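Everything below concerns the one structure shown next.
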Amino acid sequence: MSARHVLILGAGGLGREVFHWALDAGMEPLGFIDDNAEALRDRPGYPPILGGVATASLRAPVLCAIGRNDLRRRCVEALTARGATFASLLHPQAKCLRATLGPGAIVAPFAYVAADAEAGPFAFLQTGAVLGHDVRAGAFLRMDTTAFVGGYARLGDNVTLHTGAKVMPGKTVGDDCTLGAGAILLSNLRPGRTAFGNPAVAAP
């Protein structure tokens, strides 16, 4: 077994993207873990689905390629209970400047992690996402394409920033918060809230 071998959790669109990013990073994906055994039907050229979360042989570290935070966390917890180890992926076309990323992180092409930022385990930064300098973010951060977090912001666990969402510098976003696509957060956001718009307003 090569040290570069990995398994990919999730065989949907994101999982197939992560497959290509892994190849770009010099990894060797052996196959996918997915509870839907038909997820790759009519999609030739990919390695096989090796089983579901409860059944797949965990013979290599796992790259977690599930976008939805609650499902991602449940799958990670289930695999951890089975003894899985997890890989991280920093795409060669991403930029990470003396930042700290927790285990299981995936940073896509052209994402940017600025100086001295920190993100916890299983952070996921999609193409063009920007995590500013000195940001502190918790576990299971999801930043979709072109999402932005300004310097010194504080983000809790399980935060989701959809496409183009922006957190202004120095703001605090609590655990389990979501910013809708294009939302611009100019004030702090309490835990468990979902906010939309410019300026972003929390849903009732």
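Residues in the structure tokens are numbered from 1 in each chain, the chains being A, B, ... in the order shown, and ligands are numbered from 1 in the order shown.
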
Need the shell around A:Val173: protein/DNA/RNA residues with any atom at most 9 Å away, counting only C-alpha atoms. Skip same-chain ones fewer than 4 positions apart. Format as a ChimeraX atom specification?
/A:153-156,159,167,177-178,187-191

Stretch 40-96 of chain A: which residues are strand (DSSP E or B) by DSSP, as number ranges by chain?
A: 49, 62-64, 86, 89-90, 95-96

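The neighbours of stretch 107-110 of chain A here are the residues that come within 9 Å of it, using only C-alpha atoms and leaving out any residue fewer than 3 positions away in the same chain; they are Val18, Trp21, Ser88, Leu89, Leu90, His91, Pro92, Gln93, Ala94, Lys95, Cys96, Val113, Ala123, Phe124, Leu125, Gln126, Thr127, Gly128 and Ala129 of chain A.
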
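Using only C-alpha atoms, the smallest distance between any of A:Ala165, A:Val76, A:Ala200, A:Leu97 and A:Ala139 comes from A:Val76.
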
Could you tell me, as a list in words, which residues of chain A DSSP assigns to helix (DSSP H, G or I) when given the backbone?
Gly13, Leu14, Gly15, Arg16, Glu17, Val18, Phe19, His20, Trp21, Ala22, Leu23, Asp24, Asn69, Asp70, Leu71, Arg72, Arg73, Arg74, Cys75, Val76, Glu77, Ala78, Leu79, Thr80 and Ala81 of chain A

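Within 8 Å of stretch 37-40 of chain A, once only C-alpha atoms are used and residues closer than 4 positions along the same chain are dropped, the contacting residues are Ala11, Gly12, Pro44, Tyr46, Pro48, Ile49, Gly51 and Gly52 of chain A.
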
Just to confirm, what's the straight-line distance from atom CA of A:Thr55 to atom CA of A:His20 in Å (one decimal)?
24.4 Å

Write out as a ChimeraX atom specification each polymer residue whose atoms come within 12 Å of A:Ala3, counting only C-alpha atoms; drop sequence neighbours fewer than 5 positions from it.
/A:26-30,59-61,87

Pairwise distance for atom CA of A:Glu118 and atom CA of A:Ala195, rounded to one decimal in Å
23.5 Å

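Shortest atom-to-atom contact with A:Asp116 among A:Leu50, A:Leu131, A:Ala99, A:Ala183: A:Ala99, counting only C-alpha atoms.
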
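Residue nearest A:Asp175, chosen from A:Gly45, A:Pro204, A:Asn69, A:Leu7 and counting only C-alpha atoms: A:Asn69.
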
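As for atom CA of A:Leu185 and atom CA of A:Pro199, they are spaced 6.0 Å apart.
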